[in-house]
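Colleague: As input, take my_file_20.txt (compact mmCIF, C-alpha atoms and all ligand atoms):
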# COMPACT_ATOMS: atom_id res chain seq x y z
CA MET A 1 -32.40 7.90 0.27
CA PRO A 2 -33.43 4.51 1.72
CA ALA A 3 -30.64 2.93 3.74
CA ASN A 4 -30.11 -0.09 1.54
CA ASP A 5 -30.25 1.54 -1.85
CA HIS A 6 -27.10 1.12 -3.86
CA LEU A 7 -24.74 4.00 -3.53
CA LYS A 8 -23.05 4.92 -6.76
CA LEU A 9 -19.82 6.11 -5.18
CA SER A 10 -17.79 5.70 -2.01
CA ILE A 11 -14.78 7.88 -1.27
CA VAL A 12 -12.41 6.14 1.12
CA VAL A 13 -9.83 8.19 3.02
CA PRO A 14 -7.35 6.92 5.62
CA CYS A 15 -6.46 9.71 8.08
CA HIS A 16 -3.47 9.93 10.36
CA ASN A 17 -2.92 13.29 12.09
CA GLU A 18 -4.97 15.18 9.52
CA GLN A 19 -7.13 17.40 11.77
CA ASP A 20 -6.54 20.57 9.71
CA ASN A 21 -7.32 18.92 6.38
CA ILE A 22 -10.69 17.34 7.12
CA GLN A 23 -13.01 20.31 6.44
CA GLU A 24 -11.37 21.10 3.12
CA LEU A 25 -11.33 17.39 2.26
CA TRP A 26 -15.07 17.13 2.93
CA ARG A 27 -15.87 20.29 0.97
CA ARG A 28 -13.86 19.36 -2.12
CA SER A 29 -14.70 15.67 -2.22
CA ARG A 30 -18.41 16.39 -1.66
CA ASP A 31 -18.47 18.89 -4.52
CA ALA A 32 -16.58 16.51 -6.81
CA ALA A 33 -18.91 13.63 -5.94
CA LYS A 34 -22.08 15.72 -6.36
CA ALA A 35 -20.95 16.79 -9.81
CA CYS A 36 -20.74 13.13 -10.86
CA VAL A 37 -23.39 11.17 -8.96
CA GLY A 38 -25.65 13.71 -7.25
CA ASP A 39 -26.40 12.60 -3.70
CA SER A 40 -25.64 8.94 -4.21
CA PHE A 41 -22.25 8.91 -2.49
CA GLU A 42 -20.60 8.46 0.88
CA LEU A 43 -17.31 9.58 2.38
CA VAL A 44 -15.65 6.91 4.52
CA LEU A 45 -13.03 8.36 6.88
CA VAL A 46 -10.77 6.01 8.81
CA ASN A 47 -8.87 7.39 11.79
CA ASP A 48 -5.65 5.43 11.98
CA GLY A 49 -4.53 6.02 15.57
CA SER A 50 -3.97 9.77 15.21
CA SER A 51 -2.33 11.58 18.11
CA ASP A 52 -4.02 14.90 17.28
CA ASN A 53 -7.73 15.77 17.13
CA THR A 54 -8.49 13.92 13.91
CA TRP A 55 -10.95 11.53 15.56
CA PRO A 56 -13.12 14.17 17.31
CA VAL A 57 -13.12 16.19 14.08
CA ILE A 58 -14.23 13.31 11.84
CA ALA A 59 -16.66 11.99 14.49
CA ASP A 60 -18.35 15.41 14.58
CA LEU A 61 -18.46 15.53 10.81
CA ALA A 62 -20.15 12.11 10.70
CA LYS A 63 -22.74 13.28 13.23
CA ALA A 64 -23.46 16.44 11.24
CA GLU A 65 -23.43 14.97 7.71
CA ASP A 66 -25.33 11.79 6.95
CA ARG A 67 -23.10 11.11 3.97
CA VAL A 68 -20.04 10.65 6.17
CA LEU A 69 -19.08 7.40 7.84
CA SER A 70 -16.25 7.67 10.38
CA ILE A 71 -14.34 4.66 11.64
CA ASN A 72 -11.91 4.75 14.55
CA LEU A 73 -9.26 2.02 14.54
CA SER A 74 -8.02 0.74 17.90
CA ARG A 75 -4.48 2.08 17.23
CA ASN A 76 -2.18 3.07 14.38
CA TYR A 77 -2.01 0.22 11.85
CA GLY A 78 -0.43 2.09 8.95
CA HIS A 79 -1.82 3.57 5.75
CA GLN A 80 -2.35 0.30 3.88
CA LEU A 81 -4.34 -1.39 6.64
CA ALA A 82 -6.37 1.75 7.37
CA LEU A 83 -7.25 1.83 3.69
CA THR A 84 -8.26 -1.84 3.85
CA ALA A 85 -10.57 -1.04 6.79
CA GLY A 86 -12.24 1.72 4.77
CA LEU A 87 -12.64 -0.51 1.71
CA THR A 88 -14.25 -3.22 3.88
CA HIS A 89 -16.84 -0.77 5.18
CA CYS A 90 -17.74 1.15 2.07
CA SER A 91 -20.78 0.18 0.03
CA GLY A 92 -20.61 2.09 -3.25
CA ASP A 93 -20.59 0.57 -6.73
CA ARG A 94 -17.46 2.55 -7.48
CA ILE A 95 -14.82 3.45 -4.95
CA LEU A 96 -12.41 6.39 -5.01
CA VAL A 97 -9.32 6.02 -2.82
CA LEU A 98 -8.01 9.39 -1.71
CA ASP A 99 -5.42 10.80 0.72
CA ALA A 100 -6.62 13.22 3.40
CA ASP A 101 -3.90 15.77 2.62
CA LEU A 102 -5.47 16.63 -0.76
CA GLN A 103 -2.24 16.01 -2.65
CA ASP A 104 -4.42 14.20 -5.17
CA PRO A 105 -7.24 16.41 -6.47
CA PRO A 106 -10.73 14.88 -5.96
CA GLU A 107 -11.87 17.00 -8.93
CA LEU A 108 -10.29 14.40 -11.23
CA LEU A 109 -13.20 12.16 -10.32
CA THR A 110 -15.16 13.39 -13.35
CA ASP A 111 -12.46 12.20 -15.77
CA MET A 112 -12.01 8.96 -13.84
CA MET A 113 -15.74 8.25 -13.98
CA LYS A 114 -15.73 8.78 -17.74
CA LEU A 115 -12.89 6.32 -18.21
CA MET A 116 -14.78 3.83 -16.10
CA ASP A 117 -17.95 4.39 -18.13
CA ASP A 118 -15.81 3.39 -21.11
CA GLY A 119 -15.13 0.02 -19.58
CA ALA A 120 -12.18 0.39 -17.18
CA ASP A 121 -12.29 -1.43 -13.85
CA VAL A 122 -9.43 0.58 -12.38
CA VAL A 123 -8.47 4.16 -13.18
CA TYR A 124 -5.24 5.03 -11.39
CA GLY A 125 -3.73 8.46 -11.05
CA GLN A 126 -0.22 8.66 -12.43
CA ARG A 127 1.88 11.59 -11.20
CA LYS A 128 3.45 13.94 -13.71
CA GLU A 129 5.14 16.25 -11.24
CA ARG A 130 5.72 15.77 -7.54
CA GLU A 131 5.52 19.40 -6.44
CA GLY A 132 6.69 20.35 -2.97
CA GLU A 133 8.43 17.05 -2.34
CA THR A 134 12.09 16.98 -1.37
CA TRP A 135 14.72 15.79 -3.87
CA PHE A 136 15.29 12.88 -1.51
CA LYS A 137 11.65 11.78 -1.69
CA LYS A 138 11.68 12.07 -5.48
CA ALA A 139 14.99 10.19 -5.81
CA SER A 140 13.98 7.44 -3.39
CA ALA A 141 10.63 7.05 -5.17
CA SER A 142 12.36 6.63 -8.53
CA TRP A 143 14.84 4.04 -7.13
CA PHE A 144 11.96 2.25 -5.49
CA TYR A 145 9.97 1.96 -8.74
CA TRP A 146 13.12 0.87 -10.61
CA LEU A 147 13.81 -1.90 -8.05
CA LEU A 148 10.17 -2.91 -8.07
CA ARG A 149 10.07 -3.22 -11.86
CA LYS A 150 13.23 -5.34 -11.79
CA SER A 151 12.06 -7.70 -9.09
CA VAL A 152 8.32 -8.09 -9.40
CA ASP A 153 6.65 -10.41 -11.87
CA ILE A 154 3.47 -8.39 -12.37
CA GLU A 155 3.21 -4.96 -14.00
CA ILE A 156 3.02 -2.31 -11.26
CA PRO A 157 2.76 1.16 -12.82
CA ALA A 158 5.46 3.66 -11.83
CA ASN A 159 4.60 6.91 -10.07
CA ALA A 160 1.11 5.78 -9.19
CA GLY A 161 0.14 5.94 -5.52
CA ASP A 162 -3.10 4.65 -4.08
CA PHE A 163 -5.18 7.43 -5.66
CA ARG A 164 -7.52 5.48 -7.92
CA LEU A 165 -11.12 4.77 -8.81
CA VAL A 166 -11.98 1.09 -8.68
CA SER A 167 -15.08 -0.95 -9.43
CA ARG A 168 -16.96 -3.00 -6.86
CA ARG A 169 -15.72 -6.30 -8.27
CA VAL A 170 -12.12 -5.15 -7.86
CA VAL A 171 -12.74 -4.18 -4.22
CA ASP A 172 -14.44 -7.51 -3.53
CA ALA A 173 -11.49 -9.37 -5.05
CA PHE A 174 -9.12 -7.20 -3.02
CA LEU A 175 -10.98 -7.99 0.21
CA SER A 176 -10.66 -11.70 -0.47
CA MET A 177 -6.86 -11.40 -0.28
CA PRO A 178 -5.97 -12.11 3.33
CA GLU A 179 -2.35 -11.00 3.64
CA GLN A 180 -1.14 -8.92 6.59
CA HIS A 181 1.67 -7.17 4.72
CA ARG A 182 -0.43 -5.27 2.26
CA PHE A 183 0.94 -3.36 -0.69
CA VAL A 184 -2.39 -2.14 -1.99
CA ARG A 185 -1.38 -0.81 -5.41
CA GLY A 186 0.45 -4.08 -6.17
CA MET A 187 -2.54 -6.14 -5.05
CA VAL A 188 -4.83 -4.08 -7.30
CA SER A 189 -2.43 -4.62 -10.24
CA TRP A 190 -2.44 -8.34 -9.50
CA ILE A 191 -6.25 -8.43 -9.72
CA GLY A 192 -6.11 -7.40 -13.39
CA TYR A 193 -9.18 -6.49 -15.51
CA LYS A 194 -8.90 -3.31 -17.52
CA GLN A 195 -6.65 -0.80 -15.73
CA VAL A 196 -6.00 2.62 -17.23
CA ALA A 197 -3.84 5.57 -16.16
CA LEU A 198 -4.90 9.17 -15.75
CA ARG A 199 -1.93 11.55 -15.63
CA TYR A 200 -2.08 14.48 -13.23
CA ASP A 201 0.09 16.91 -11.30
CA ARG A 202 0.49 16.06 -7.64
CA ALA A 203 0.18 19.05 -5.32
CA PRO A 204 2.07 19.57 -2.07
CA ARG A 205 0.41 18.61 1.22
CA LEU A 206 -2.31 21.04 2.36
CA HIS A 207 -1.41 20.96 6.10
CA GLY A 208 0.69 18.74 8.32
CA GLU A 209 3.63 16.50 7.53
CA THR A 210 4.11 13.27 5.64
CA SER A 211 3.97 10.16 7.82
CA TYR A 212 6.20 8.26 5.44
CA THR A 213 9.60 8.62 7.06
CA LEU A 214 12.70 6.91 5.66
CA GLY A 215 12.24 3.88 7.94
CA ARG A 216 8.59 3.50 6.89
CA MET A 217 9.46 3.81 3.21
CA LEU A 218 12.10 1.09 3.54
CA ARG A 219 9.61 -1.21 5.27
CA PHE A 220 7.05 -0.40 2.59
CA ALA A 221 9.60 -1.26 -0.14
CA ALA A 222 10.45 -4.55 1.60
CA ASP A 223 6.73 -5.42 1.84
CA ALA A 224 6.24 -4.59 -1.82
CA ILE A 225 9.11 -6.73 -3.05
CA THR A 226 8.74 -9.72 -0.73
CA GLY A 227 4.96 -9.66 -1.16
CA PHE A 228 5.13 -10.01 -4.92
CA SER A 229 8.33 -11.80 -5.76
CA THR A 230 10.67 -14.54 -4.63
CA LYS A 231 13.46 -13.13 -6.79
CA PRO A 232 15.53 -12.00 -3.76
CA LEU A 233 15.66 -15.66 -2.71
CA ARG A 234 16.91 -16.61 -6.16
CA ILE A 235 19.51 -13.84 -6.05
CA ALA A 236 20.55 -15.12 -2.62
CA SER A 237 21.14 -18.59 -4.03
CA TYR A 238 23.13 -17.11 -6.94
CA LEU A 239 25.25 -15.25 -4.42
CA GLY A 240 25.74 -18.51 -2.51
CA LEU A 241 26.75 -20.28 -5.73
CA MET A 242 29.18 -17.53 -6.64
CA SER A 243 30.87 -17.51 -3.25
CA GLY A 244 30.96 -21.35 -3.41
CA ALA A 245 32.72 -21.20 -6.78
CA PHE A 246 35.13 -18.63 -5.37
CA GLY A 247 35.84 -21.01 -2.47
CA VAL A 248 36.57 -23.95 -4.84
CA ILE A 249 38.96 -21.87 -6.98
CA LEU A 250 40.71 -20.71 -3.84
CA LEU A 251 40.99 -24.29 -2.58
CA ILE A 252 42.59 -25.42 -5.84
CA TYR A 253 45.03 -22.54 -5.63
CA ILE A 254 45.92 -23.40 -2.01
CA LEU A 255 46.43 -27.11 -2.82
CA ILE A 256 48.65 -26.29 -5.79
CA SER A 257 50.69 -23.92 -3.63
CA LEU A 258 51.00 -26.64 -1.01
CA ILE A 259 52.15 -29.24 -3.55
CA ALA A 260 54.59 -26.75 -5.03
CA ALA A 261 55.83 -26.22 -1.46
CA ARG A 262 54.93 -22.55 -1.61
CA PRO A 263 52.12 -22.26 0.96
CA VAL A 264 50.57 -18.81 1.13
CA ALA A 265 51.74 -17.24 4.30
CA GLY A 266 49.63 -15.11 6.39
CA TRP A 267 46.77 -13.79 8.17
CA THR A 268 45.64 -11.30 5.52
CA SER A 269 44.49 -13.83 2.96
CA LEU A 270 42.75 -15.92 5.61
CA MET A 271 40.87 -12.97 7.05
CA ALA A 272 39.91 -11.79 3.58
CA VAL A 273 38.31 -15.14 2.83
CA VAL A 274 36.53 -15.30 6.20
CA ALA A 275 35.19 -11.77 5.77
CA VAL A 276 33.95 -12.29 2.19
CA LEU A 277 32.34 -15.68 2.81
CA GLY A 278 31.01 -14.65 6.22
CA SER A 279 29.24 -11.58 4.89
CA ALA A 280 27.85 -13.46 1.88
CA THR A 281 26.41 -16.04 4.30
CA LEU A 282 24.85 -13.36 6.47
CA VAL A 283 23.27 -11.58 3.50
CA VAL A 284 21.73 -14.82 2.26
CA LEU A 285 20.48 -15.66 5.75
CA GLY A 286 19.02 -12.17 6.09
CA VAL A 287 17.04 -12.52 2.87
CA ILE A 288 15.71 -15.92 3.93
CA GLY A 289 14.91 -14.44 7.36
CA GLU A 290 12.81 -11.69 5.75
CA TYR A 291 10.59 -14.29 4.12
CA ILE A 292 10.40 -16.51 7.21
CA GLY A 293 9.48 -13.51 9.37
CA ARG A 294 6.66 -12.64 7.01
CA MET A 295 5.45 -16.24 6.93
CA TYR A 296 5.43 -16.23 10.75
CA VAL A 297 3.23 -13.14 10.82
CA GLU A 298 0.87 -14.57 8.18
CA VAL A 299 0.64 -17.98 9.88
CA LYS A 300 -0.56 -16.41 13.12
CA GLY A 301 -3.65 -15.33 11.16
CA ARG A 302 -4.45 -12.37 13.37
CA PRO A 303 -7.16 -9.91 12.36
CA LEU A 304 -5.79 -7.19 10.09
CA TYR A 305 -7.06 -4.44 12.38
CA LEU A 306 -9.55 -3.79 15.15
CA ILE A 307 -12.17 -1.10 15.25
CA SER A 308 -13.10 0.79 18.37
CA GLU A 309 -15.96 2.94 17.04
CA VAL A 310 -18.06 3.55 13.95
CA ILE A 311 -20.15 6.72 13.58
CA GLY A 312 -22.67 7.72 10.94
CA GLY A 313 -23.12 6.40 7.45
CA MET A 314 -26.26 5.90 5.39
CA ALA A 315 -26.04 2.31 4.30
CA ALA A 316 -25.46 -0.75 6.45
CA PRO A 317 -21.78 -1.79 6.39
CA HIS A 318 -21.15 -3.59 3.16
CA ALA A 319 -20.74 -7.26 3.95
CA ALA A 320 -18.31 -8.23 1.24
CA THR A 321 -18.27 -11.85 0.24
CA CYS A 322 -15.23 -13.75 -0.86
CA PRO A 323 -15.51 -14.17 -4.64
CA HIS A 324 -13.84 -17.58 -4.36
CA CYS A 325 -15.73 -19.33 -1.58
CA GLY A 326 -18.77 -17.03 -1.30
CA LYS A 327 -18.49 -16.72 2.47
CA PRO A 328 -18.94 -13.29 4.03
CA LEU A 329 -15.77 -11.49 5.04
CA GLY A 330 -15.70 -10.21 8.63
CA ALA A 331 -16.94 -6.65 8.61
CA SER A 332 -14.84 -5.45 11.52
CA VAL A 333 -11.71 -7.50 11.09
CA GLY A 334 -11.28 -7.84 7.34
CA ARG A 335 -10.94 -11.63 7.30
CA HIS A 336 -13.09 -14.72 7.12
CA PRO A 337 -14.79 -14.84 10.53
CA GLU A 338 -13.81 -18.45 11.13
CA THR A 339 -10.13 -17.69 10.66
CA THR A 340 -10.04 -15.00 13.30
N1 LIG A 401 -1.89 7.59 6.79
C1 LIG A 401 -2.54 6.66 7.60
N2 LIG A 401 -1.81 5.98 8.52
C2 LIG A 401 -0.47 6.16 8.69
C3 LIG A 401 0.18 7.09 7.83
C4 LIG A 401 -0.57 7.78 6.89
O1 LIG A 401 -3.74 6.47 7.48
O2 LIG A 401 0.12 5.51 9.57
C5 LIG A 401 -2.68 8.34 5.79
C6 LIG A 401 -2.49 9.84 5.79
O3 LIG A 401 -3.37 10.47 6.69
C7 LIG A 401 -2.78 10.22 4.36
C8 LIG A 401 -2.30 9.00 3.58
O4 LIG A 401 -2.24 7.94 4.52
O5 LIG A 401 -4.17 10.39 4.13
C9 LIG A 401 -0.95 9.23 2.93
O6 LIG A 401 0.00 9.61 3.90
P1 LIG A 401 1.08 10.74 3.65
O7 LIG A 401 0.43 11.94 3.04
O8 LIG A 401 1.78 10.94 4.96
O9 LIG A 401 2.04 10.04 2.61
P2 LIG A 401 2.74 10.66 1.30
O10 LIG A 401 1.68 11.39 0.53
O11 LIG A 401 3.80 11.56 1.81
O12 LIG A 401 3.29 9.48 0.58
MG MG A 402 0.52 12.85 1.26
Rewrite the structure from the file as structure tokens, please.
Ligand code: UDP
Ligand code: MG
Modeller:
Amino acid sequence: MPANDHLKLSIVVPCHNEQDNIQELWRRSRDAAKACVGDSFELVLVNDGSSDNTWPVIADLAKAEDRVLSINLSRNYGHQLALTAGLTHCSGDRILVLDADLQDPPELLTDMMKLMDDGADVVYGQRKEREGETWFKKASASWFYWLLRKSVDIEIPANAGDFRLVSRRVVDAFLSMPEQHRFVRGMVSWIGYKQVALRYDRAPRLHGETSYTLGRMLRFAADAITGFSTKPLRIASYLGLMSGAFGVILLIYILISLIAARPVAGWTSLMAVVAVLGSATLVVLGVIGEYIGRMYVEVKGRPLYLISEVIGGMAAPHAATCPHCGKPLGASVGRHPETT
């Protein structure tokens, strides 16, 4: 196939410590892609600072298979940024986002393609069962989606990860969004167009362990909520108002006691007030701090990620253009070149 011909499909996979999954990933995703688009596909593998042999394994695969493009990031940037790097470098008309651990079956591609033929711009996988996941992971996921639904203004589907097939115009719109704290599934929901669900059973990991530890999940939840809603700020002001009202009522009570010559004696009541108002103040400050911290990171305008090596691939890296201003987005840094 000539280098610049349009590829029908790109499969984008972020990989972090996935050395044992790569061969199986290649075999199954290749077969799934061939069944749908023949040879007109590519597999884009992004090594996100793995500490095992993931990079040598995917580099060798890219050298052996001309349908594989392997990208090595300069360090570990996290799943969402690694995915962004892969989306920036893929060139297909349709893009399947997949995890390297094969928890999401690439064989669903056939059904996803059909739904897209029928006019969808996004076909997202929605999990029926979360096999092999601990009760804690299941419980925390359901709290997370509950909190997200309550606080976010756009419709983000529950139990849908990043496993989805998206059209080129959705990826181009996605790449025009410059934020550092990326919550990809929320950003895709924000883009709109016709988005449909495909329900499936999620399998356990093939090899290796999940990289989403409790700390990472909490950070991910904070990114999701602060990235899409200012409701926590509003709740913080309500809390401030409530503790203010409490303070006024207390003041009236104290003044009346004073006038009636029955001042409230004691340390207990004073400490109670200090503790309640002090902690309310700290909570409100903490919420404001979360937003200011994120603004600080965004204002610095650093590149989203840096690439140390790219191996293989059939087509030239897709130079996405911003759908708003028409300028090309930086191929290696994921931002407008002049802002980096
Ligand atoms: N991943 C990544 N960078 C990270 C952590 C994870 O690229 O820092 C990749 C990982 O290799 C996998 C996907 O993101 O392909 C999902 O990660 P994982 O399976 O650990 O998450 P879970 O399925 O448990 O939510
Ligand atoms: Mg997984």
Colleague: Give me, as JSON lines, each residue of segment 120-233 of chain A that comes within 10 Å of segment 293-317 of chain A, together with its shortest interatomic pair and the distance in Å at one decimal, counting all atoms listed in the file, with rows ordered by chain and rising residue number.
Modeller:
{"residue": "A:Pro178", "atom": "CA", "partner": "A:Leu304", "partner_atom": "CA", "distance": 8.4}
{"residue": "A:Glu179", "atom": "CA", "partner": "A:Glu298", "partner_atom": "CA", "distance": 6.6}
{"residue": "A:Gln180", "atom": "CA", "partner": "A:Leu304", "partner_atom": "CA", "distance": 6.1}
{"residue": "A:His181", "atom": "CA", "partner": "A:Arg294", "partner_atom": "CA", "distance": 7.8}
{"residue": "A:Arg182", "atom": "CA", "partner": "A:Leu304", "partner_atom": "CA", "distance": 9.7}
{"residue": "A:Asp223", "atom": "CA", "partner": "A:Arg294", "partner_atom": "CA", "distance": 8.9}
{"residue": "A:Thr226", "atom": "CA", "partner": "A:Arg294", "partner_atom": "CA", "distance": 8.5}
{"residue": "A:Gly227", "atom": "CA", "partner": "A:Arg294", "partner_atom": "CA", "distance": 8.9}
Colleague: Using all atoms listed in the file, find the one residue out of A:Phe246, A:Tyr212, A:Trp135, A:Phe144 that sits nearest to ligand LIG 401 (chain A).
Modeller: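 The answer is A:Tyr212, which sits nearest to ligand LIG 401 (chain A).
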Colleague: Collect all residues with atoms no farther than 7 Å from ligand LIG 401 (chain A), counting all atoms listed in the file, and output them as an MDAnalysis selection string.
Modeller: chainID A and resid 13:18 47:48 76:79 82:83 99:101 103 205 209:212
Colleague: Just to confirm, what's the straight-line distance from atom CA of Ala197 of chain A to atom CA of Ser10 of chain A in Å (one decimal)?
Modeller: 19.9 Å
Colleague: Compile the contact shell of Leu165 of chain A as a ChimeraX atom specification: residues with an atom at most 8 Å away, counting only C-alpha atoms, same-chain residues fewer than 6 positions apart removed.
Modeller: /A:94-97,109,112-113,122-124
Colleague: Selection from above, C-alpha atoms, as a PDB file, in the frame of the given file, can you write it?
Modeller:
ATOM      1  CA  ARG A  94     -17.460   2.550  -7.480  1.00  0.00           C
ATOM      2  CA  ILE A  95     -14.820   3.450  -4.950  1.00  0.00           C
ATOM      3  CA  LEU A  96     -12.410   6.390  -5.010  1.00  0.00           C
ATOM      4  CA  VAL A  97      -9.320   6.020  -2.820  1.00  0.00           C
ATOM      5  CA  LEU A 109     -13.200  12.160 -10.320  1.00  0.00           C
ATOM      6  CA  MET A 112     -12.010   8.960 -13.840  1.00  0.00           C
ATOM      7  CA  MET A 113     -15.740   8.250 -13.980  1.00  0.00           C
ATOM      8  CA  VAL A 122      -9.430   0.580 -12.380  1.00  0.00           C
ATOM      9  CA  VAL A 123      -8.470   4.160 -13.180  1.00  0.00           C
ATOM     10  CA  TYR A 124      -5.240   5.030 -11.390  1.00  0.00           C
TER      11      TYR A 124
END
Colleague: Taking all atoms of segment 65-74 of chain A that appear in the file, build a box with edges along x, y and z, extend it by 6 Å on every side, and state its centre and edge lengths in Å to one decimal, as AutoDock Vina command-line options.
Modeller:
--center_x -16.7 --center_y 7.9 --center_z 10.9 --size_x 29.3 --size_y 26.2 --size_z 25.9
Colleague: Please compute the atom CA of Ala33 of chain A-atom CA of Lys8 of chain A distance, one decimal, in Å.
Modeller: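 Going from atom CA of Ala33 of chain A over to atom CA of Lys8 of chain A, I get 9.7 Å.
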Colleague: What is the atom CA of Ala272 of chain A to atom CA of Ser237 of chain A distance in Å?
Modeller: 21.4 Å
Colleague: Using all atoms listed in the file, find the one residue out of A:Met242, A:Leu206, A:Ala261, A:Ile225 that sits nearest to Ala280 of chain A.
Modeller: A:Met242
Colleague: Measuring between only C-alpha atoms and all ligand atoms, which one of A:Glu107, A:Asp162, A:Asp20, A:Asp153 shows the shortest distance to ligand MG 402 (chain A)?
Modeller: A:Asp162
Colleague: Contacts of Val170 of chain A at 9 Å or less, counting all atoms listed in the file, minus same-chain residues fewer than 2 places along, as a PyMOL selection string?
Modeller: chain A and resi 121-122+166-168+172-175+188+191-193
